[in-house]
file coords.cif (mmCIF, C-alpha atoms and all ligand atoms)
data_my_file
loop_
_atom_site.label_atom_id
_atom_site.label_comp_id
_atom_site.auth_asym_id
_atom_site.auth_seq_id
_atom_site.Cartn_x
_atom_site.Cartn_y
_atom_site.Cartn_z
CA MET A 261 9.57 4.66 18.03
CA GLU A 262 6.68 5.52 15.72
CA ARG A 263 7.71 9.12 15.19
CA PHE A 264 11.38 8.11 14.86
CA THR A 265 10.77 5.47 12.17
CA ILE A 266 8.60 7.61 9.96
CA THR A 267 10.77 10.69 10.34
CA LEU A 268 13.96 8.84 9.47
CA LEU A 269 12.55 6.90 6.52
CA LEU A 270 10.75 9.90 5.14
CA ALA A 271 13.82 12.09 5.47
CA LEU A 272 15.66 9.48 3.40
CA TYR A 273 12.73 9.35 0.97
CA TYR A 274 12.73 13.09 0.36
CA GLN A 275 16.51 13.04 -0.09
CA PHE A 276 15.99 10.38 -2.76
CA VAL A 277 13.22 12.40 -4.40
CA SER A 278 15.61 15.30 -4.96
CA ILE A 279 18.35 12.99 -6.35
CA CYS A 280 15.91 11.09 -8.55
CA SER A 281 14.32 14.17 -10.07
CA SER A 282 17.71 15.07 -11.50
CA SER A 283 18.87 11.57 -12.48
CA GLN A 284 15.44 10.16 -13.60
CA SER A 285 16.73 6.75 -12.52
CA HIS A 286 14.00 4.10 -12.39
CA HIS A 287 16.02 2.05 -9.95
CA LEU A 288 16.33 4.97 -7.52
CA ARG A 289 12.65 5.79 -7.96
CA GLY A 290 11.82 2.23 -6.91
CA LEU A 291 14.04 2.58 -3.87
CA GLU A 292 12.57 5.87 -2.82
CA THR A 293 9.00 4.54 -3.00
CA GLU A 294 10.05 1.51 -1.01
CA LEU A 295 11.48 3.72 1.74
CA LEU A 296 8.29 5.74 1.80
CA THR A 297 5.87 2.82 1.90
CA ARG A 298 7.97 1.00 4.53
CA GLY A 299 8.05 4.10 6.70
CA LEU A 300 4.30 4.60 6.44
CA LEU A 301 3.41 0.96 7.05
CA GLU A 302 5.73 0.63 10.06
CA SER A 303 4.22 3.76 11.55
CA ALA A 304 0.66 2.53 11.03
CA ARG A 305 1.57 -0.87 12.51
CA ASP A 306 3.08 0.69 15.60
CA ALA A 307 1.17 -0.69 18.62
CA GLU A 308 -0.33 2.65 19.63
CA PHE A 309 -1.34 3.63 16.07
CA PHE A 310 -2.80 0.19 15.30
CA GLY A 311 -4.66 0.17 18.62
CA TRP A 312 -6.25 3.50 17.71
CA LEU A 313 -7.24 2.18 14.25
CA LYS A 314 -8.95 -0.85 15.81
CA ARG A 315 -10.80 1.27 18.38
CA VAL A 316 -12.10 3.60 15.66
CA ARG A 317 -13.20 0.76 13.41
CA ARG A 318 -14.93 -1.15 16.22
CA ARG A 319 -16.78 1.94 17.41
CA ILE A 320 -18.09 2.59 13.86
CA HIS A 321 -18.97 -1.10 13.51
CA GLU A 322 -21.00 -1.05 16.75
CA TYR A 323 -23.09 1.93 15.60
CA PRO A 324 -23.85 1.43 11.91
CA GLU A 325 -25.93 4.06 10.12
CA LEU A 326 -27.76 3.76 6.79
CA SER A 327 -27.22 5.93 3.70
CA PHE A 328 -27.55 9.67 4.34
CA GLU A 329 -28.16 9.00 8.05
CA GLU A 330 -24.43 8.86 8.93
CA TYR A 331 -24.68 11.66 11.53
CA GLU A 332 -22.85 9.91 14.39
CA THR A 333 -20.23 8.41 12.06
CA SER A 334 -19.63 11.87 10.61
CA GLN A 335 -19.34 13.30 14.15
CA LEU A 336 -16.81 10.61 15.10
CA ILE A 337 -14.72 11.42 12.02
CA ARG A 338 -14.83 15.15 12.80
CA ASN A 339 -13.81 14.50 16.41
CA GLU A 340 -10.80 12.48 15.25
CA LEU A 341 -9.84 15.13 12.69
CA ASP A 342 -10.19 17.85 15.34
CA SER A 343 -7.84 16.01 17.68
CA LEU A 344 -5.35 15.56 14.82
CA GLY A 345 -5.60 19.30 14.04
CA ILE A 346 -6.90 18.68 10.50
CA LYS A 347 -9.29 21.15 8.86
CA TYR A 348 -12.36 20.01 6.94
CA GLN A 349 -15.33 21.22 4.95
CA TRP A 350 -18.66 20.09 6.46
CA PRO A 351 -21.38 19.25 5.71
CA VAL A 352 -20.84 17.95 2.19
CA ALA A 353 -23.79 16.07 0.67
CA GLU A 354 -25.71 16.20 3.98
CA THR A 355 -23.57 14.05 6.30
CA GLY A 356 -20.23 13.89 4.45
CA LEU A 357 -17.07 15.94 4.84
CA VAL A 358 -13.86 16.69 2.99
CA ALA A 359 -10.66 17.10 5.03
CA THR A 360 -7.68 19.00 3.65
CA ILE A 361 -4.02 18.30 4.44
CA GLY A 362 -1.00 20.01 2.87
CA SER A 363 0.04 23.37 1.51
CA GLY A 364 -3.31 24.29 -0.06
CA ALA A 365 -1.52 24.73 -3.40
CA GLN A 366 -1.95 22.52 -6.49
CA PRO A 367 -1.63 19.66 -7.25
CA TRP A 368 -4.75 18.56 -5.40
CA PHE A 369 -5.20 14.82 -5.00
CA SER A 370 -8.17 13.07 -3.45
CA LEU A 371 -8.66 9.90 -1.39
CA ARG A 372 -12.15 8.58 -0.79
CA ALA A 373 -13.97 6.46 1.82
CA ASP A 374 -17.70 5.70 2.03
CA MET A 375 -19.43 5.71 5.44
CA ASP A 376 -22.80 3.94 5.19
CA ALA A 377 -24.00 0.58 6.51
CA LEU A 378 -26.76 -1.79 5.36
CA PRO A 379 -30.21 -2.86 6.63
CA ILE A 380 -28.92 -6.30 7.68
CA GLN A 381 -29.06 -8.00 11.11
CA GLU A 382 -25.49 -8.96 12.05
CA LEU A 383 -25.12 -12.68 12.79
CA VAL A 384 -21.41 -12.64 13.73
CA GLU A 385 -21.07 -13.22 17.49
CA TRP A 386 -18.16 -11.09 18.68
CA GLU A 387 -17.38 -8.44 21.25
CA HIS A 388 -18.01 -5.52 18.91
CA LYS A 389 -21.13 -6.80 17.18
CA SER A 390 -23.54 -4.13 15.86
CA LYS A 391 -25.55 -2.62 18.73
CA ILE A 392 -28.24 -1.37 16.33
CA ASN A 393 -30.92 -3.91 15.49
CA GLY A 394 -31.27 -4.59 11.78
CA LYS A 395 -28.23 -2.53 10.74
CA MET A 396 -24.73 -3.73 10.00
CA HIS A 397 -21.49 -2.69 8.37
CA ALA A 398 -21.60 -5.71 6.05
CA CYS A 399 -19.75 -4.09 3.14
CA GLY A 400 -16.70 -2.97 5.14
CA HIS A 401 -17.29 0.79 4.94
CA ASP A 402 -16.35 0.94 8.65
CA ALA A 403 -12.87 -0.22 7.58
CA HIS A 404 -12.82 2.27 4.69
CA VAL A 405 -13.45 5.21 7.04
CA THR A 406 -10.82 3.91 9.47
CA MET A 407 -8.16 3.40 6.79
CA LEU A 408 -8.75 6.94 5.52
CA LEU A 409 -8.50 8.36 9.06
CA GLY A 410 -5.27 6.38 9.38
CA ALA A 411 -4.02 7.99 6.17
CA ALA A 412 -5.03 11.41 7.57
CA LYS A 413 -2.88 10.79 10.65
CA LEU A 414 0.09 9.66 8.55
CA LEU A 415 -0.21 12.61 6.15
CA LYS A 416 -0.63 15.08 8.99
CA SER A 417 2.66 13.87 10.54
CA ILE A 418 4.52 15.04 7.41
CA THR A 419 2.24 17.85 6.35
CA ASP A 420 5.07 20.37 5.86
CA LYS A 421 6.75 18.00 3.40
CA LEU A 422 3.68 17.48 1.18
CA LYS A 423 4.19 18.97 -2.26
CA GLY A 424 0.57 19.96 -2.74
CA THR A 425 -2.74 19.16 -1.12
CA VAL A 426 -4.61 15.98 -0.23
CA LYS A 427 -8.41 16.11 -0.01
CA LEU A 428 -9.87 13.24 2.01
CA VAL A 429 -13.49 12.55 1.13
CA PHE A 430 -15.72 10.86 3.72
CA GLN A 431 -18.76 10.21 1.60
CA PRO A 432 -22.36 9.27 2.52
CA GLY A 433 -24.80 7.00 0.74
CA GLU A 434 -22.77 4.62 -1.40
CA GLU A 435 -25.23 1.73 -1.04
CA GLY A 436 -27.53 2.56 -3.95
CA HIS A 437 -27.92 6.26 -3.09
CA ALA A 438 -25.24 7.80 -5.34
CA GLY A 439 -23.53 9.70 -2.51
CA ALA A 440 -20.56 10.37 -4.78
CA TYR A 441 -22.86 12.14 -7.24
CA HIS A 442 -24.00 14.49 -4.47
CA VAL A 443 -20.43 15.15 -3.27
CA LEU A 444 -19.52 16.24 -6.80
CA LYS A 445 -22.73 18.24 -7.19
CA ASP A 446 -21.83 20.17 -4.02
CA GLY A 447 -18.58 21.17 -5.75
CA ALA A 448 -16.54 19.71 -2.90
CA LEU A 449 -13.95 18.24 -5.30
CA ASP A 450 -13.76 21.10 -7.80
CA GLY A 451 -10.10 21.64 -8.66
CA VAL A 452 -9.03 18.10 -7.69
CA GLN A 453 -6.81 16.52 -10.35
CA ALA A 454 -7.20 12.81 -9.59
CA ILE A 455 -8.70 10.40 -7.06
CA PHE A 456 -7.97 7.01 -5.49
CA GLY A 457 -10.38 4.66 -3.71
CA LEU A 458 -10.20 1.30 -1.93
CA HIS A 459 -12.78 -1.41 -1.22
CA VAL A 460 -12.21 -4.34 1.12
CA ALA A 461 -12.44 -7.76 -0.54
CA PRO A 462 -13.25 -10.92 1.46
CA ASN A 463 -12.12 -13.11 -1.45
CA LEU A 464 -8.52 -11.81 -1.25
CA PRO A 465 -5.97 -12.64 1.47
CA THR A 466 -4.83 -9.80 3.74
CA GLY A 467 -1.68 -8.25 2.34
CA THR A 468 -2.85 -8.34 -1.27
CA ILE A 469 -4.61 -5.80 -3.47
CA SER A 470 -6.11 -6.15 -6.91
CA SER A 471 -7.42 -4.06 -9.77
CA ARG A 472 -7.32 -3.66 -13.54
CA PRO A 473 -6.98 -0.77 -16.00
CA GLY A 474 -10.10 0.38 -17.89
CA PRO A 475 -13.63 -0.63 -16.89
CA ILE A 476 -13.67 -2.57 -13.60
CA MET A 477 -17.27 -2.41 -12.38
CA ALA A 478 -20.54 -2.17 -14.30
CA GLY A 479 -22.99 0.68 -14.49
CA SER A 480 -26.38 0.01 -12.97
CA GLY A 481 -29.99 1.12 -13.35
CA ARG A 482 -33.26 0.09 -11.71
CA PHE A 483 -36.89 -0.08 -12.74
CA LEU A 484 -40.33 -0.65 -11.25
CA ALA A 485 -43.09 -2.02 -13.49
CA ILE A 486 -46.80 -1.88 -12.64
CA ILE A 487 -49.24 -3.94 -14.71
CA GLN A 488 -52.89 -3.01 -14.60
CA GLY A 489 -55.47 -5.68 -15.48
CA LYS A 490 -59.03 -6.37 -14.45
CA GLY A 491 -59.59 -8.40 -11.32
CA GLY A 492 -62.22 -11.05 -10.71
CA HIS A 493 -62.98 -14.66 -9.73
CA ALA A 494 -60.22 -17.09 -10.61
CA ALA A 495 -62.83 -19.67 -11.65
CA ILE A 496 -64.15 -17.42 -14.45
CA PRO A 497 -60.90 -16.02 -15.90
CA HIS A 498 -62.52 -14.99 -19.19
CA THR A 499 -64.29 -12.16 -17.34
CA THR A 500 -60.95 -10.78 -16.11
CA ARG A 501 -57.75 -9.48 -17.67
CA ASP A 502 -55.10 -11.38 -15.74
CA PRO A 503 -52.11 -9.17 -14.80
CA ILE A 504 -50.30 -12.12 -13.15
CA LEU A 505 -50.09 -13.92 -16.47
CA ALA A 506 -48.95 -10.69 -18.17
CA LEU A 507 -46.27 -10.22 -15.50
CA SER A 508 -45.07 -13.82 -15.89
CA MET A 509 -44.73 -13.46 -19.66
CA ALA A 510 -43.06 -10.06 -19.31
CA ILE A 511 -40.42 -11.44 -16.93
CA LEU A 512 -39.74 -14.37 -19.29
CA ALA A 513 -39.57 -12.05 -22.31
CA LEU A 514 -37.08 -9.76 -20.53
CA GLN A 515 -34.59 -12.65 -20.44
CA GLN A 516 -34.27 -12.52 -24.22
CA ILE A 517 -32.78 -9.01 -24.16
CA VAL A 518 -29.50 -10.43 -22.93
CA SER A 519 -29.66 -13.89 -24.54
CA ARG A 520 -30.91 -12.83 -28.04
CA GLU A 521 -30.22 -9.11 -28.46
CA THR A 522 -26.79 -8.73 -26.87
CA ASP A 523 -23.46 -9.55 -28.50
CA PRO A 524 -22.31 -12.66 -26.58
CA LEU A 525 -18.92 -10.97 -26.16
CA GLU A 526 -20.46 -7.98 -24.40
CA ALA A 527 -21.68 -8.20 -20.81
CA ARG A 528 -25.17 -7.09 -19.80
CA VAL A 529 -27.51 -8.20 -17.02
CA VAL A 530 -31.28 -7.89 -16.54
CA SER A 531 -32.47 -9.34 -13.22
CA ILE A 532 -35.84 -9.19 -11.48
CA GLY A 533 -35.55 -9.17 -7.70
CA TYR A 534 -39.03 -8.18 -6.57
CA VAL A 535 -42.52 -9.38 -7.45
CA GLU A 536 -45.77 -8.44 -5.72
CA GLY A 537 -49.26 -9.42 -6.79
CA GLY A 538 -52.34 -11.22 -5.59
CA LYS A 539 -53.53 -12.07 -2.10
CA ALA A 540 -55.72 -15.18 -2.51
CA GLU A 541 -55.51 -18.32 -4.62
CA ASN A 542 -59.00 -17.82 -6.04
CA VAL A 543 -58.81 -14.10 -6.90
CA ILE A 544 -57.25 -12.58 -9.99
CA PRO A 545 -55.91 -9.19 -8.80
CA GLU A 546 -56.38 -5.80 -10.44
CA THR A 547 -52.70 -4.87 -10.48
CA VAL A 548 -49.27 -6.44 -9.92
CA LYS A 549 -45.77 -4.99 -9.58
CA PHE A 550 -42.27 -6.15 -10.20
CA ALA A 551 -38.87 -4.51 -10.05
CA GLY A 552 -35.35 -5.25 -11.19
CA THR A 553 -31.87 -4.03 -11.92
CA PHE A 554 -29.91 -3.90 -15.14
CA ARG A 555 -26.14 -3.71 -15.60
CA PHE A 556 -24.03 -2.52 -18.52
CA LEU A 557 -20.51 -1.54 -19.53
CA ASN A 558 -21.12 1.60 -21.58
CA ALA A 559 -23.60 4.44 -22.01
CA GLU A 560 -25.07 3.03 -25.26
CA SER A 561 -25.95 -0.21 -23.49
CA TYR A 562 -27.67 1.78 -20.78
CA SER A 563 -29.92 3.55 -23.31
CA TYR A 564 -30.58 0.33 -25.20
CA LEU A 565 -31.53 -1.68 -22.09
CA ARG A 566 -33.70 1.14 -20.76
CA GLN A 567 -35.64 1.39 -24.01
CA ARG A 568 -36.07 -2.36 -24.51
CA ILE A 569 -37.15 -3.06 -20.90
CA LYS A 570 -39.90 -0.47 -21.33
CA GLU A 571 -40.97 -1.83 -24.75
CA VAL A 572 -40.96 -5.48 -23.67
CA VAL A 573 -42.99 -4.90 -20.50
CA GLU A 574 -45.53 -2.60 -22.19
CA THR A 575 -45.92 -4.91 -25.18
CA GLN A 576 -46.27 -8.09 -23.12
CA ALA A 577 -48.91 -6.36 -21.00
CA ALA A 578 -50.78 -5.37 -24.17
CA VAL A 579 -50.67 -8.94 -25.54
CA HIS A 580 -52.53 -9.97 -22.40
CA ARG A 581 -55.04 -7.08 -22.63
CA CYS A 582 -53.43 -5.24 -19.72
CA THR A 583 -51.57 -1.94 -19.54
CA ALA A 584 -48.16 -1.28 -17.99
CA THR A 585 -46.04 1.58 -16.75
CA VAL A 586 -42.28 1.29 -16.26
CA ASP A 587 -40.58 3.76 -13.93
CA PHE A 588 -36.78 4.01 -14.02
CA MET A 589 -36.79 6.24 -10.91
CA GLU A 590 -33.88 8.26 -12.27
CA GLU A 591 -34.69 11.31 -10.14
CA THR A 592 -34.55 9.44 -6.84
CA VAL A 593 -32.32 6.46 -7.62
CA ILE A 594 -29.69 7.96 -9.87
CA PRO A 595 -28.25 5.29 -12.21
CA TYR A 596 -24.56 4.50 -11.57
CA PRO A 597 -22.21 4.90 -14.53
CA VAL A 598 -19.45 2.38 -15.27
CA THR A 599 -16.39 2.55 -12.97
CA ILE A 600 -13.38 3.12 -15.19
CA ASN A 601 -9.77 3.01 -14.01
CA ASN A 602 -7.67 5.59 -15.80
CA PRO A 603 -4.67 3.58 -17.12
CA VAL A 604 -2.06 6.08 -15.87
CA MET A 605 -3.62 6.34 -12.41
CA TYR A 606 -4.01 2.57 -12.28
CA GLU A 607 -0.32 2.12 -13.08
CA HIS A 608 0.63 4.67 -10.44
CA ALA A 609 -1.32 2.95 -7.65
CA LYS A 610 -0.13 -0.47 -8.82
CA ASN A 611 3.52 0.60 -8.56
CA VAL A 612 2.97 2.01 -5.08
CA GLY A 613 1.15 -1.19 -4.09
CA GLU A 614 4.02 -3.32 -5.37
CA SER A 615 6.49 -1.31 -3.28
CA LEU A 616 4.32 -1.65 -0.20
CA LEU A 617 3.28 -5.30 -0.50
CA GLY A 618 5.62 -6.94 -3.01
CA GLU A 619 5.00 -7.54 -6.70
CA ASN A 620 3.35 -10.92 -6.14
CA ASN A 621 0.74 -9.38 -3.89
CA VAL A 622 -0.69 -7.00 -6.46
CA LEU A 623 -3.11 -9.13 -8.46
CA PRO A 624 -5.08 -8.61 -11.65
CA ALA A 625 -8.79 -8.25 -10.86
CA PRO A 626 -11.56 -9.73 -12.99
CA MET A 627 -14.33 -7.36 -14.02
CA THR A 628 -17.55 -7.57 -12.09
CA MET A 629 -21.14 -6.61 -12.91
CA GLY A 630 -21.43 -5.20 -9.39
CA ALA A 631 -21.67 -1.40 -9.31
CA GLU A 632 -20.03 1.21 -7.14
CA ASP A 633 -20.67 4.94 -6.95
CA PHE A 634 -16.92 5.66 -7.14
CA SER A 635 -17.89 5.56 -10.83
CA PHE A 636 -19.14 9.16 -10.60
CA TYR A 637 -15.62 10.33 -9.69
CA SER A 638 -14.16 8.21 -12.49
CA GLN A 639 -16.40 10.04 -14.99
CA LYS A 640 -15.17 13.41 -13.78
CA MET A 641 -11.38 12.98 -13.31
CA PRO A 642 -8.56 10.41 -13.67
CA ALA A 643 -9.46 7.83 -11.02
CA THR A 644 -8.45 4.39 -9.89
CA PHE A 645 -10.21 1.92 -7.62
CA PHE A 646 -8.50 -1.03 -5.94
CA MET A 647 -9.74 -4.00 -3.93
CA ILE A 648 -7.81 -4.78 -0.72
CA GLY A 649 -7.73 -8.25 0.88
CA ILE A 650 -9.31 -8.94 4.30
CA ARG A 651 -9.18 -12.74 4.46
CA ASN A 652 -7.06 -14.75 6.91
CA GLU A 653 -7.26 -18.20 8.49
CA THR A 654 -9.91 -17.13 11.02
CA THR A 655 -12.13 -15.24 8.57
CA LYS A 656 -12.39 -18.28 6.30
CA PRO A 657 -14.59 -19.59 4.77
CA PHE A 658 -15.38 -16.76 2.40
CA LYS A 659 -18.38 -14.67 3.43
CA ALA A 660 -19.38 -12.31 0.66
CA TRP A 661 -20.14 -8.61 0.89
CA HIS A 662 -23.64 -7.90 2.28
CA SER A 663 -23.69 -11.21 4.15
CA PRO A 664 -24.84 -11.11 7.82
CA HIS A 665 -21.69 -13.18 8.49
CA PHE A 666 -19.30 -10.67 6.88
CA ILE A 667 -15.98 -10.43 8.81
CA ILE A 668 -12.87 -8.31 8.37
CA ASP A 669 -9.29 -9.20 9.25
CA GLU A 670 -8.32 -5.97 11.03
CA ASP A 671 -4.70 -6.38 9.92
CA VAL A 672 -5.91 -4.65 6.76
CA LEU A 673 -6.31 -1.33 8.61
CA PRO A 674 -2.63 -0.21 8.74
CA ILE A 675 -2.04 -1.56 5.22
CA GLY A 676 -4.93 0.45 3.79
CA ALA A 677 -3.88 3.56 5.72
CA ALA A 678 -0.31 3.32 4.40
CA LEU A 679 -1.44 2.58 0.84
CA HIS A 680 -3.79 5.59 0.78
CA ALA A 681 -1.08 7.89 2.13
CA ALA A 682 1.65 6.55 -0.17
CA VAL A 683 -0.49 6.84 -3.31
CA ALA A 684 -1.24 10.47 -2.43
CA ILE A 685 2.33 11.49 -1.47
CA THR A 686 3.88 9.99 -4.60
CA TYR A 687 1.18 11.50 -6.81
CA LEU A 688 1.95 14.97 -5.45
CA ASP A 689 5.70 14.42 -5.82
CA GLY A 690 5.22 13.31 -9.42
CA HIS A 691 2.96 16.20 -10.41
CA VAL A 692 4.34 19.20 -8.54
CA LYS A 693 6.90 19.98 -11.27
CA ASN A 694 4.24 20.28 -13.92
CA GLN A 695 2.54 23.20 -12.18
ZN ZN B 1 -22.04 -2.66 -0.52
ZN ZN B 2 -19.20 -1.19 -0.46
#

call {"tool": "encode", "arguments": {"input": "coords.cif", "output": "structure tokens"}}
result
Amino acid sequence: MERFTITLLLALYYQFVSICSSSQSHHLRGLETELLTRGLLESARDAEFFGWLKRVRRRIHEYPELSFEEYETSQLIRNELDSLGIKYQWPVAETGLVATIGSGAQPWFSLRADMDALPIQELVEWEHKSKINGKMHACGHDAHVTMLLGAAKLLKSITDKLKGTVKLVFQPGEEGHAGAYHVLKDGALDGVQAIFGLHVAPNLPTGTISSRPGPIMAGSGRFLAIIQGKGGHAAIPHTTRDPILALSMAILALQQIVSRETDPLEARVVSIGYVEGGKAENVIPETVKFAGTFRFLNAESYSYLRQRIKEVVETQAAVHRCTATVDFMEETVIPYPVTINNPVMYEHAKNVGESLLGENNVLPAPMTMGAEDFSFYSQKMPATFFMIGIRNETTKPFKAWHSPHFIIDEDVLPIGAALHAAVAITYLDGHVKNQ
């Protein structure tokens, strides 16, 4: 049944493609994409295919691995690709890999999934709960890998019909470790023309997707500040130089960068998430530390915030007769640029999504000051990033990303697989003539 459905619908699709390329009819183009997306989705929802998707996702969920430690996850992906007869480049960026399906000729189009989990203890009681203490797939990257493997299986079934090449990126280290940066640095996507990525979204119902053209997620940087004072007895403060007071004033002063120095119509964030200093109520310590993150929507804001955070912390320390150093850790924690959806790529994926799910189920997304390392791809080539819904009646109420209660409606798996595959196939069909 599975093979029959996809073969028949895709045969019809490719017949339409040849008619449409001569007639340029928008109506026919809509019909052809609908045939394609229906064929792909029905195949991925076939009992055997869907069962395989769930088994893969649950296995990855049970054995979560942190950034750049995704050795078993990578092995599982390679085993699945081997059994599908799909070739891949490995290792890419330590634990990652890039699979190739199609003719090998241009156009080259890329699909991306991230593989890493988080240092969170899962609190969801279910049969396939994480078996690794203190680690959990709480951002849905287990579903991302599975949807991309699903797309690999769909694409492989029509590999001789692909009008170019699809590169499937299984990427390590998204959670703060800039895995995408390392994939690009390895040259694994050199020659790729455009890229598409998906992220599961617990705030959206299953069967919907959402995105927006232009900037969609913020860029992000981090800093660690150390304030050096002079310790002593808390009862004779005048013999000390109190770094705790300097730290308190510095944190307060940092709030003014956004409230007083930023155009109210532009979005920036400066947040402190870590403070360490002092061990006893009657001792003024020698040194204290604090660390934070800052978010921005363009490169100028990044430079501005970086400079002002340093100035404010150093100056506030000096006011209190202390000294400060501010480390932006750019060598080890590479700042994320802004994620920008190329308007043409956005429109392409939106149209495919509307064919697959219906116009009403493709929603406009608000911008968020969250960051995502898909941004590195979006700086390098036309890219688009979509959110895909994973909420149903049983996964309510809403449990946000990175929550120990995070749950996924697995009905998303065939939808994501079909969407990935359809975006790639139609991209190749639309770009092959320009070669
Ligand atoms: Zn995350
Ligand atoms: Zn994520």

call {"tool": "closest_atom_pairs", "arguments": {"input": "coords.cif", "of": "region 348-414 of chain A", "to": "region 431-439 of chain A", "cutoff": "7 Å", "atoms": "only C-alpha atoms", "output": "tab-separated table"}}
result
residue	atom	partner	partner_atom	distance
A:Thr355	CA	A:Pro432	CA	6.2
A:Gly356	CA	A:Gln431	CA	4.9
A:Leu357	CA	A:Gln431	CA	6.8
A:Ala373	CA	A:Gln431	CA	6.1
A:Asp374	CA	A:Gln431	CA	4.7
A:Met375	CA	A:Pro432	CA	5.5
A:Asp376	CA	A:Gly433	CA	5.8

call {"tool": "closest_residue", "arguments": {"input": "coords.cif", "among": "A:Ala454, A:Ala631, A:Leu301, A:Val535", "to": "ligand ZN 1 (chain B)", "atoms": "only C-alpha atoms and all ligand atoms"}}
result
A:Ala631

call {"tool": "residues_around", "arguments": {"input": "coords.cif", "residues": "region 409-424 of chain A", "least_positions_apart": "2", "cutoff": "8 Å", "atoms": "all atoms listed in the file", "output": "count of residues only"}}
result
33

call {"tool": "closest_atom_pairs", "arguments": {"input": "coords.cif", "of": "chain A", "to": "ligand ZN 2 (chain B)", "cutoff": "8 Å", "atoms": "all atoms listed in the file", "output": "JSON lines"}}
result
{"residue": "A:Asp374", "atom": "CA", "partner": "B:ZN2", "partner_atom": "ZN", "distance": 7.5}
{"residue": "A:Cys399", "atom": "CA", "partner": "B:ZN2", "partner_atom": "ZN", "distance": 4.7}
{"residue": "A:Gly400", "atom": "CA", "partner": "B:ZN2", "partner_atom": "ZN", "distance": 6.4}
{"residue": "A:His401", "atom": "CA", "partner": "B:ZN2", "partner_atom": "ZN", "distance": 6.1}
{"residue": "A:Glu434", "atom": "CA", "partner": "B:ZN2", "partner_atom": "ZN", "distance": 6.9}
{"residue": "A:Glu435", "atom": "CA", "partner": "B:ZN2", "partner_atom": "ZN", "distance": 6.7}
{"residue": "A:His459", "atom": "CA", "partner": "B:ZN2", "partner_atom": "ZN", "distance": 6.5}
{"residue": "A:Val460", "atom": "CA", "partner": "B:ZN2", "partner_atom": "ZN", "distance": 7.8}
{"residue": "A:Glu632", "atom": "CA", "partner": "B:ZN2", "partner_atom": "ZN", "distance": 7.1}
{"residue": "A:Trp661", "atom": "CA", "partner": "B:ZN2", "partner_atom": "ZN", "distance": 7.6}

call {"tool": "atom_distance", "arguments": {"input": "coords.cif", "atom1": "CA of Glu292 (chain A)", "atom2": "CA of Ile675 (chain A)"}}
result
18.3 Å

call {"tool": "residues_around", "arguments": {"input": "coords.cif", "residues": "Pro624 (chain A)", "least_positions_apart": "2", "cutoff": "10 Å", "atoms": "all atoms listed in the file", "output": "compact mmCIF listing (two decimals) with C-alpha atoms, keeping the file's coordinate frame"}}
result
# COMPACT_ATOMS: atom_id res chain seq x y z
CA ILE A 469 -4.61 -5.80 -3.47
CA SER A 470 -6.11 -6.15 -6.91
CA SER A 471 -7.42 -4.06 -9.77
CA ARG A 472 -7.32 -3.66 -13.54
CA PRO A 473 -6.98 -0.77 -16.00
CA LYS A 610 -0.13 -0.47 -8.82
CA ASN A 621 0.74 -9.38 -3.89
CA VAL A 622 -0.69 -7.00 -6.46
CA PRO A 626 -11.56 -9.73 -12.99
CA MET A 627 -14.33 -7.36 -14.02

call {"tool": "atom_distance", "arguments": {"input": "coords.cif", "atom1": "CA of Trp312 (chain A)", "atom2": "CA of Ser334 (chain A)"}}
result
17.3 Å

call {"tool": "atom_distance", "arguments": {"input": "coords.cif", "atom1": "CA of Ala478 (chain A)", "atom2": "CA of Gln639 (chain A)"}}
result
12.9 Å

call {"tool": "closest_residue", "arguments": {"input": "coords.cif", "among": "A:Glu294, A:Asp587, A:Glu308, A:Glu614", "to": "Arg482 (chain A)", "atoms": "only C-alpha atoms"}}
result
A:Asp587

call {"tool": "residues_around", "arguments": {"input": "coords.cif", "residues": "Gly447 (chain A)", "least_positions_apart": "3", "cutoff": "12 Å", "atoms": "only C-alpha atoms", "output": "PyMOL selection string"}}
result
chain A and resi 349+351-353+357-358+440-444+450-452+637+640

call {"tool": "closest_residue", "arguments": {"input": "coords.cif", "among": "A:Arg651, A:Arg520, A:His662, A:Arg566", "to": "ligand ZN 1 (chain B)", "atoms": "all atoms listed in the file"}}
result
A:His662

call {"tool": "residues_around", "arguments": {"input": "coords.cif", "residues": "region 524-533 of chain A", "least_positions_apart": "6", "cutoff": "12 Å", "atoms": "all atoms listed in the file", "output": "PyMOL selection string"}}
result
chain A and resi 475+477-485+507-508+510-518+549-562+564-566+568-569+598+627-631

call {"tool": "closest_residue", "arguments": {"input": "coords.cif", "among": "A:Glu574, A:Asp402, A:Asp446, A:Glu546", "to": "Arg317 (chain A)", "atoms": "only C-alpha atoms"}}
result
A:Asp402

call {"tool": "closest_residue", "arguments": {"input": "coords.cif", "among": "A:Glu670, A:His404, A:Met589, A:Gly613", "to": "ligand ZN 1 (chain B)", "atoms": "only C-alpha atoms and all ligand atoms"}}
result
A:His404

call {"tool": "residues_around", "arguments": {"input": "coords.cif", "residues": "region 604-606 of chain A", "least_positions_apart": "4", "cutoff": "10 Å", "atoms": "all atoms listed in the file", "output": "PyMOL selection string"}}
result
chain A and resi 454-456+471-474+600+610-611+642-646+683+687

call {"tool": "closest_residue", "arguments": {"input": "coords.cif", "among": "A:Gln453, A:Ser327, A:Thr583, A:Thr425", "to": "ligand ZN 1 (chain B)", "atoms": "all atoms listed in the file"}}
result
A:Ser327

call {"tool": "decode", "arguments": {"input": "coords.cif", "residues": "region 325-330 of chain A", "atoms": "C-alpha atoms", "output": "compact mmCIF listing (two decimals), in the first residue's frame"}}
result
# COMPACT_ATOMS: atom_id res chain seq x y z
CA GLU A 325 23.38 12.67 24.81
CA LEU A 326 24.68 16.19 25.48
CA SER A 327 26.28 18.55 22.94
CA PHE A 328 29.25 17.05 21.08
CA GLU A 329 28.76 13.74 22.92
CA GLU A 330 26.15 12.41 20.46
